[in-house]
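The structure under discussion appears below in the form of structure tokens.
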Amino acid sequence: KLYGMGDALFNHMNKENPDLKISIYAPVGPHQDLLPYLVRRMLENGANSSFVNQIYNKEIKPEQIAQDVISKISERNDHAHPQIPLPKDIYGQARDNSKGLNFDQKNLIDDIQNRLKQFKNKTYKAMPVLEGQDIHKGTFVSSFNPANGEEVGQVTFSQSTIVDEAFEIAKTGHVQLSNLYAYQRAEILERFAKKIDEHRFEIINLCVKEAGRTILDSDNEVREAIDFCRYYAALGRKDFNENGISLKSPTGETNHYYQKSRGIFVCISPWNFPVAIYIGQMAAALMAGNAVITKPAEQTSLIGYYLIRLLLDSGLPKKAISFLPGDGELGALIVDHQDVSGVAFTGSTEVAKKINQSLANRVGEIPKLIAETGGQNAMIIDSSALTEQVIDDALLSAFGSAGQRCSACRILYVQDDVADKTIEMIRGAMETLIVGDPQNLNTDIGPLIDEEALMHIQKHKSNLDGFGDKIAQVPLTPEQKAKGSFFASCAYEIPNIQFLDKEHFGPVLHVIRFHMKEIDHVIDDINSTGYGLTFGVHSRIQSFIDHIISRIHVGNIYVNKPIIGAVVGVQPFGGRGLSGTGPKAGGPQYLRGFASEKVVSVDTTRAGGNTSLVMLD
């Protein structure tokens, strides 16, 4: 029994049978650790269904309380509660939830590894795709595995002459796609989602090899991509319905609101989410009826090509999509084209500004820019927070995907009352982390994307040694130092946020102590960076949480949870300020960013009188 609980039963049984041996569970520890635990136990034992609670209820017979639980459950024919949906059905009739892989059962893990082995030695290719056909002209380059430097496949970078050809084709593709009914475009996306699911293991294999993502991260990306397709399909059926939306109007008049395509959208996606963001941009643009010219990050062109082939196999009109692999110079050339109607971009703030300037200088139509950029993301911890939960969430947010997420936690503010304890637990938790080959399921942190990224973060770490105090560093093996772009993930305590001149993209966590009386100054410091992407607060004091939420200037706030891993349709993702333009990806307004609007107003009385008044009862 738990000490202090169930004493009546204990005393009775001890009196009836003094020789009965009963274990008493007595948790021991300091007040700040023990109190939350005891509160949780009291809540459990105080529940109406609790054995400890039922024993005091005179309406319940002793035989009922002592009934064998296993026998009682075995008598039931249905063990599912009718009001609790299966995971697939949690979004109701609108769309199915994506399914993931189970990494918690040994037999399922063995199956996952066996399914991935069939692609172990496979090499890939990527080349420009116009009208559904591969274009073999261009510059040949190799795509490398960031974990070991081995070649994954060959990529043909697009020639500049292909760009004009792609836009001419896209003009026809736009007409073809926009003339389809909204439900037909939605069905294409739903078929695409099905194909992604069917080819899940090869996509994961490509993600691991070309992008250096862990198997778990890669599977989560596949899920997110599927969710994007299904969510935008469901949203587009309604928002782009050919009948439009009837607006409340004065008598004798009708007004209808319609959303239509804009034309040709350029989609430029990053290497850190080579599946989810890449597909999310295209899916939204296509659902809105636009033709798309897509250029993935040069480091992940093989993944981009593989997915384009699946998309074309899903029934998309071949002229509606052009795939142009290449470097940043090619991207700039595409964005500068006179026929661009809009650009969806995810990447650095610096590049987003250049794209914005290029579009602003255009003669003629002003194209739409939808940009998602970086963030100097912080998490604030007060003394009431449960430290164990804080450590789990902070380290996942800082080191998940090797810190190569725009949403990653860069700065952890810890109230000085609990700072020493929290830092000590960070140090201990980091000792358990494993930097390694992302093909191994026990790897927590994979490599950085390439040598350039490694060089930048190593330079930042050298600077930190000058003004910060090292808390911990995850060790590297000699093999990891010899090959691959692995980085020894680390945590440093620094004086304040002003020591960080910009976002440093990689697995480095900066810890800052603060006094509670300075909390408004801390919030001002975070806001003053100009970034506004993600933010987290850990506290069990609601007034404190409310105060933080009301003053922080960011797009996504997470309370008592990690600040990475936004879920499509549930946590629409996107920032403000230096972190992006909006609308939020995976949110109810995103498709509208890819659309033009039309309103049709009709004076019905000009056709012979106001029939609505004549027909009143």
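Ordered as shown in the structure tokens, chains take letters A, B, and onward, while each chain numbers its residues from 1 and ligands are numbered from 1 in the order shown.
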
Query raised in the report: as a ChimeraX atom specification, which residues of range 308-451 of chain A does DSSP assign to strand (DSSP E or B)?
Result: /A:321-323,342-346,368-372,378-381,411-415,435,445

Query - Exercise: range 571-586 of chain A partners within 6 Å, only C-alpha atoms, chain neighbours under 4 positions left out, as a PyMOL selection string - result: chain A and resi 370-375+530-533+555+566-567+590

With C-alpha atoms retained, export the selected residues as a tab-separated table (two decimals), in the first residue's frame.
chain	number	residue	atom	x	y	z
A	370	ILE	CA	4.53	33.49	-48.87
A	371	ALA	CA	7.72	33.18	-46.82
A	372	GLU	CA	8.61	31.08	-43.81
A	373	THR	CA	12.03	31.89	-42.39
A	374	GLY	CA	14.16	31.43	-39.26
A	375	GLY	CA	13.72	32.17	-35.59
A	530	GLY	CA	12.78	40.94	-34.48
A	531	TYR	CA	12.16	37.22	-34.94
A	532	GLY	CA	8.77	35.78	-34.07
A	533	LEU	CA	8.45	32.10	-34.89
A	555	GLY	CA	3.48	33.01	-34.27
A	566	ALA	CA	3.62	21.36	-35.29
A	567	VAL	CA	0.73	19.16	-36.47
A	590	TYR	CA	-3.04	29.01	-46.07

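Among the candidates A:Leu35, A:Ile471, A:Leu2, A:Ile245, the one nearest to Lys598 in chain A when counting only C-alpha atoms is A:Ile245.
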
Any chance you could tabulate, as a tab-separated table, the residues of range 497-609 of chain A at most 10 Å from range 438-453 of chain A with each one's nearest atom pair and distance in Å to one decimal, using only C-alpha atoms, in chain and rising number order?
residue	atom	partner	partner_atom	distance
A:His504	CA	A:Ala453	CA	9.8
A:Phe505	CA	A:Ala453	CA	7.8
A:Gly506	CA	A:Leu448	CA	7.4
A:Pro507	CA	A:Ile445	CA	8.6

Query raised in the report: What's the 8 Å shell around Ile366 in chain A, counting only C-alpha atoms, without same-chain residues fewer than 5 positions away, as a list in words?
Result: Ser341, Leu359 and Ala360 of chain A

Serialized selection, N, CA and C atoms, as an mmCIF file, in the first residue's frame:
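Saved result, result.cif, follows:
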data_model
loop_
_atom_site.group_PDB
_atom_site.id
_atom_site.type_symbol
_atom_site.label_atom_id
_atom_site.label_comp_id
_atom_site.auth_asym_id
_atom_site.auth_seq_id
_atom_site.Cartn_x
_atom_site.Cartn_y
_atom_site.Cartn_z
ATOM 1 N N SER A 341 3.539 34.477 -60.771
ATOM 2 C CA SER A 341 2.369 35.054 -60.101
ATOM 3 C C SER A 341 2.501 35.037 -58.590
ATOM 4 N N LEU A 359 10.699 40.749 -56.338
ATOM 5 C CA LEU A 359 9.288 40.802 -56.726
ATOM 6 C C LEU A 359 8.760 42.232 -56.708
ATOM 7 N N ALA A 360 9.253 43.019 -55.746
ATOM 8 C CA ALA A 360 8.785 44.402 -55.624
ATOM 9 C C ALA A 360 9.234 45.259 -56.808
#

Query raised in the report: Mind checking DSSP for range 245-320 of chain A and telling me the alpha helix (DSSP H) residues as an MDAnalysis selection string?
Result: chainID A and resid 276:287 301:312

Query raised in the report: Which is closer to Val152 in chain A than all the others in A:Pro128, A:Gly212, A:Gly569, A:Gly236, using only C-alpha atoms?
Result: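 Of A:Pro128, A:Gly212, A:Gly569, A:Gly236, the one nearest Val152 in chain A, counting only C-alpha atoms, is A:Gly212.
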
Query raised in the report: Suppose you want the space between CA of Glu190 in chain A and CA of Arg230 in chain A; what is it in Å?
Result: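 CA of Arg230 in chain A lies at a distance of 5.8 Å from CA of Glu190 in chain A.
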
Query raised in the report: range 209-211 of chain A: which residues within 8 Å, counting only C-alpha atoms, same-chain residues fewer than 3 positions away excluded, as a PyMOL selection string?
Result: chain A and resi 143-147+152+205-206+271-272+274+299-300+302-303+439+449

Filtering to all heavy atoms, could you give me those residues as a compact mmCIF listing (two decimals), in the first residue's frame?
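Here's the written file part_27.txt:
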# COMPACT_ATOMS: atom_id res chain seq x y z
N SER A 143 25.07 13.87 -55.30
CA SER A 143 24.42 14.14 -54.02
C SER A 143 25.03 13.19 -53.00
O SER A 143 25.14 11.98 -53.25
CB SER A 143 22.91 13.90 -54.12
OG SER A 143 22.27 14.26 -52.93
N PHE A 144 25.46 13.73 -51.84
CA PHE A 144 26.22 12.94 -50.89
C PHE A 144 25.47 12.71 -49.58
O PHE A 144 24.66 13.53 -49.15
CB PHE A 144 27.56 13.62 -50.59
CG PHE A 144 28.47 13.72 -51.77
CD1 PHE A 144 28.62 14.91 -52.45
CD2 PHE A 144 29.17 12.60 -52.21
CE1 PHE A 144 29.46 15.01 -53.55
CE2 PHE A 144 30.01 12.68 -53.31
CZ PHE A 144 30.16 13.88 -53.98
N ASN A 145 25.76 11.59 -48.93
CA ASN A 145 25.24 11.25 -47.62
C ASN A 145 26.01 12.04 -46.57
O ASN A 145 27.23 11.87 -46.44
CB ASN A 145 25.40 9.74 -47.39
CG ASN A 145 24.74 9.27 -46.11
OD1 ASN A 145 24.63 10.02 -45.15
ND2 ASN A 145 24.33 8.02 -46.09
N PRO A 146 25.36 12.92 -45.80
CA PRO A 146 26.09 13.73 -44.82
C PRO A 146 26.67 12.93 -43.66
O PRO A 146 27.51 13.44 -42.93
CB PRO A 146 25.04 14.73 -44.33
CG PRO A 146 23.73 14.11 -44.64
CD PRO A 146 23.93 13.28 -45.86
N ALA A 147 26.24 11.68 -43.51
CA ALA A 147 26.75 10.86 -42.41
C ALA A 147 28.10 10.22 -42.73
O ALA A 147 28.89 9.96 -41.84
CB ALA A 147 25.74 9.78 -42.03
N VAL A 152 25.01 9.29 -52.96
CA VAL A 152 23.68 8.69 -52.93
C VAL A 152 23.13 8.58 -54.34
O VAL A 152 22.38 7.67 -54.66
CB VAL A 152 22.72 9.53 -52.05
CG1 VAL A 152 21.35 8.87 -51.96
CG2 VAL A 152 23.30 9.72 -50.65
N ASN A 205 14.12 5.98 -46.52
CA ASN A 205 15.50 5.64 -46.88
C ASN A 205 16.21 6.83 -47.53
O ASN A 205 17.35 7.16 -47.20
CB ASN A 205 15.50 4.44 -47.82
CG ASN A 205 16.86 4.15 -48.41
OD1 ASN A 205 17.76 3.72 -47.71
ND2 ASN A 205 17.01 4.39 -49.70
N LEU A 206 15.50 7.51 -48.45
CA LEU A 206 16.09 8.66 -49.13
C LEU A 206 16.33 9.82 -48.14
O LEU A 206 17.35 10.51 -48.21
CB LEU A 206 15.16 9.12 -50.25
CG LEU A 206 15.50 8.63 -51.65
CD1 LEU A 206 14.38 8.96 -52.62
CD2 LEU A 206 16.81 9.23 -52.14
N TRP A 271 16.24 22.13 -47.37
CA TRP A 271 16.77 20.77 -47.20
C TRP A 271 16.40 20.17 -45.85
O TRP A 271 16.44 18.96 -45.67
CB TRP A 271 18.29 20.77 -47.36
CG TRP A 271 19.01 21.82 -46.55
CD1 TRP A 271 19.49 23.01 -47.02
CD2 TRP A 271 19.31 21.80 -45.15
NE1 TRP A 271 20.06 23.74 -46.00
CE2 TRP A 271 19.97 23.01 -44.83
CE3 TRP A 271 19.10 20.88 -44.12
CZ2 TRP A 271 20.41 23.32 -43.55
CZ3 TRP A 271 19.53 21.19 -42.84
CH2 TRP A 271 20.18 22.40 -42.56
N ASN A 272 16.06 21.01 -44.86
CA ASN A 272 15.80 20.45 -43.53
C ASN A 272 14.43 19.78 -43.41
O ASN A 272 14.20 19.00 -42.50
CB ASN A 272 15.97 21.53 -42.44
CG ASN A 272 15.02 22.68 -42.60
OD1 ASN A 272 14.58 22.99 -43.71
ND2 ASN A 272 14.68 23.32 -41.50
N PRO A 274 12.80 18.10 -46.46
CA PRO A 274 12.78 17.85 -47.91
C PRO A 274 11.54 17.13 -48.39
O PRO A 274 11.32 17.05 -49.60
CB PRO A 274 14.03 16.98 -48.11
CG PRO A 274 14.20 16.26 -46.81
CD PRO A 274 13.78 17.24 -45.76
N GLN A 299 20.76 20.31 -51.92
CA GLN A 299 21.26 19.16 -51.15
C GLN A 299 20.29 17.98 -51.15
O GLN A 299 20.69 16.86 -50.82
CB GLN A 299 21.54 19.57 -49.69
CG GLN A 299 22.62 20.62 -49.53
CD GLN A 299 22.05 22.02 -49.49
OE1 GLN A 299 21.01 22.29 -50.06
NE2 GLN A 299 22.74 22.92 -48.79
N THR A 300 19.01 18.23 -51.49
CA THR A 300 18.01 17.15 -51.41
C THR A 300 17.21 17.03 -52.71
O THR A 300 16.01 16.83 -52.69
CB THR A 300 17.06 17.39 -50.21
OG1 THR A 300 16.52 18.72 -50.29
CG2 THR A 300 17.77 17.23 -48.89
N LEU A 302 17.41 14.61 -54.95
CA LEU A 302 16.97 13.24 -55.23
C LEU A 302 15.60 12.97 -54.63
O LEU A 302 14.74 12.34 -55.25
CB LEU A 302 17.99 12.24 -54.69
CG LEU A 302 19.41 12.29 -55.28
CD1 LEU A 302 20.32 11.32 -54.56
CD2 LEU A 302 19.38 11.98 -56.78
N ILE A 303 15.40 13.44 -53.41
CA ILE A 303 14.10 13.28 -52.75
C ILE A 303 13.03 14.02 -53.55
O ILE A 303 11.94 13.49 -53.80
CB ILE A 303 14.15 13.82 -51.30
CG1 ILE A 303 15.17 13.04 -50.47
CG2 ILE A 303 12.77 13.75 -50.65
CD1 ILE A 303 15.44 13.65 -49.11
N GLN A 439 20.89 6.00 -39.78
CA GLN A 439 20.33 4.70 -40.16
C GLN A 439 20.15 3.79 -38.94
O GLN A 439 19.43 2.79 -39.02
CB GLN A 439 21.22 4.00 -41.18
CG GLN A 439 21.29 4.72 -42.51
CD GLN A 439 22.11 3.96 -43.53
OE1 GLN A 439 21.59 3.11 -44.26
NE2 GLN A 439 23.39 4.26 -43.58
N ILE A 449 23.78 18.98 -42.33
CA ILE A 449 23.49 18.69 -43.73
C ILE A 449 24.76 18.63 -44.59
O ILE A 449 24.85 17.82 -45.50
CB ILE A 449 22.48 19.71 -44.31
CG1 ILE A 449 22.04 19.30 -45.71
CG2 ILE A 449 23.06 21.11 -44.28
CD1 ILE A 449 21.28 18.01 -45.79

**Report entry** Contacts of range 193-197 of chain A within 10 Å, only C-alpha atoms, excl. fewer than 6 positions in-chain, as a ChimeraX atom specification
**Finding:** /A:98-100,187,203,222-223,225-230,275,279,307,310-311,313-314

Gln389 in chain A surroundings by only C-alpha atoms, 12 Å radius, close-in-sequence under 3 positions cut, as a PDB file with N, CA and C atoms, in the first residue's frame:
ATOM      1  N   ILE A 381      11.332  29.172 -18.356  1.00  0.00           N
ATOM      2  CA  ILE A 381      11.030  28.186 -17.309  1.00  0.00           C
ATOM      3  C   ILE A 381      10.970  28.896 -15.964  1.00  0.00           C
ATOM      4  N   SER A 384       8.092  26.907 -10.749  1.00  0.00           N
ATOM      5  CA  SER A 384       6.999  25.966 -10.479  1.00  0.00           C
ATOM      6  C   SER A 384       6.983  24.801 -11.458  1.00  0.00           C
ATOM      7  N   ALA A 385       7.730  24.906 -12.547  1.00  0.00           N
ATOM      8  CA  ALA A 385       7.699  23.879 -13.594  1.00  0.00           C
ATOM      9  C   ALA A 385       8.299  22.568 -13.092  1.00  0.00           C
ATOM     10  N   LEU A 386       7.802  21.469 -13.641  1.00  0.00           N
ATOM     11  CA  LEU A 386       8.337  20.153 -13.308  1.00  0.00           C
ATOM     12  C   LEU A 386       9.630  19.962 -14.090  1.00  0.00           C
ATOM     13  N   ASP A 392      13.186  17.112 -20.763  1.00  0.00           N
ATOM     14  CA  ASP A 392      12.771  16.342 -21.936  1.00  0.00           C
ATOM     15  C   ASP A 392      12.380  17.260 -23.087  1.00  0.00           C
ATOM     16  N   ASP A 393      11.546  18.250 -22.794  1.00  0.00           N
ATOM     17  CA  ASP A 393      11.019  19.122 -23.840  1.00  0.00           C
ATOM     18  C   ASP A 393      12.086  20.063 -24.394  1.00  0.00           C
ATOM     19  N   ALA A 394      12.948  20.580 -23.513  1.00  0.00           N
ATOM     20  CA  ALA A 394      13.981  21.522 -23.956  1.00  0.00           C
ATOM     21  C   ALA A 394      15.020  20.836 -24.836  1.00  0.00           C
ATOM     22  N   LEU A 395      15.475  19.649 -24.449  1.00  0.00           N
ATOM     23  CA  LEU A 395      16.504  18.965 -25.233  1.00  0.00           C
ATOM     24  C   LEU A 395      15.945  18.452 -26.558  1.00  0.00           C
ATOM     25  N   LEU A 396      14.698  17.979 -26.546  1.00  0.00           N
ATOM     26  CA  LEU A 396      14.085  17.572 -27.812  1.00  0.00           C
ATOM     27  C   LEU A 396      13.960  18.776 -28.739  1.00  0.00           C
ATOM     28  N   THR A 422      18.386  22.780 -12.664  1.00  0.00           N
ATOM     29  CA  THR A 422      18.036  22.539 -14.063  1.00  0.00           C
ATOM     30  C   THR A 422      19.278  22.305 -14.911  1.00  0.00           C
ATOM     31  N   MET A 425      20.687  18.902 -14.353  1.00  0.00           N
ATOM     32  CA  MET A 425      19.906  17.859 -15.017  1.00  0.00           C
ATOM     33  C   MET A 425      20.115  17.885 -16.531  1.00  0.00           C
ATOM     34  N   ILE A 426      20.318  19.071 -17.098  1.00  0.00           N
ATOM     35  CA  ILE A 426      20.667  19.152 -18.527  1.00  0.00           C
ATOM     36  C   ILE A 426      21.971  18.401 -18.772  1.00  0.00           C
ATOM     37  N   ALA A 429      21.305  14.662 -18.536  1.00  0.00           N
ATOM     38  CA  ALA A 429      20.512  14.146 -19.651  1.00  0.00           C
ATOM     39  C   ALA A 429      21.321  14.084 -20.942  1.00  0.00           C
ATOM     40  N   VAL A 537       6.752  28.134 -22.902  1.00  0.00           N
ATOM     41  CA  VAL A 537       6.753  28.505 -21.494  1.00  0.00           C
ATOM     42  C   VAL A 537       6.394  27.270 -20.674  1.00  0.00           C
ATOM     43  N   HIS A 538       7.185  27.023 -19.638  1.00  0.00           N
ATOM     44  CA  HIS A 538       6.915  25.924 -18.717  1.00  0.00           C
ATOM     45  C   HIS A 538       6.625  26.509 -17.342  1.00  0.00           C
ATOM     46  N   SER A 539       5.410  26.271 -16.864  1.00  0.00           N
ATOM     47  CA  SER A 539       4.988  26.796 -15.571  1.00  0.00           C
ATOM     48  C   SER A 539       3.712  26.090 -15.150  1.00  0.00           C
ATOM     49  N   ARG A 540       3.457  26.084 -13.847  1.00  0.00           N
ATOM     50  CA  ARG A 540       2.175  25.577 -13.357  1.00  0.00           C
ATOM     51  C   ARG A 540       1.348  26.699 -12.732  1.00  0.00           C
ATOM     52  N   VAL A 559       2.823  25.683 -24.508  1.00  0.00           N
ATOM     53  CA  VAL A 559       2.808  25.718 -23.048  1.00  0.00           C
ATOM     54  C   VAL A 559       3.008  24.305 -22.503  1.00  0.00           C
ATOM     55  N   ASN A 560       4.064  24.138 -21.715  1.00  0.00           N
ATOM     56  CA  ASN A 560       4.387  22.857 -21.072  1.00  0.00           C
ATOM     57  C   ASN A 560       4.515  21.715 -22.081  1.00  0.00           C
ATOM     58  N   LYS A 561       5.179  21.987 -23.208  1.00  0.00           N
ATOM     59  CA  LYS A 561       5.418  20.967 -24.216  1.00  0.00           C
ATOM     60  C   LYS A 561       6.573  21.414 -25.103  1.00  0.00           C
ATOM     61  N   PRO A 562       7.089  20.527 -25.971  1.00  0.00           N
ATOM     62  CA  PRO A 562       8.160  20.934 -26.882  1.00  0.00           C
ATOM     63  C   PRO A 562       7.675  22.003 -27.854  1.00  0.00           C
TER      64      PRO A 562
END

Report summary line: Between A:Lys125, A:His510, A:Arg41, A:Lys319, smallest distance to Gly304 in chain A by only C-alpha atoms belongs to A:Lys125
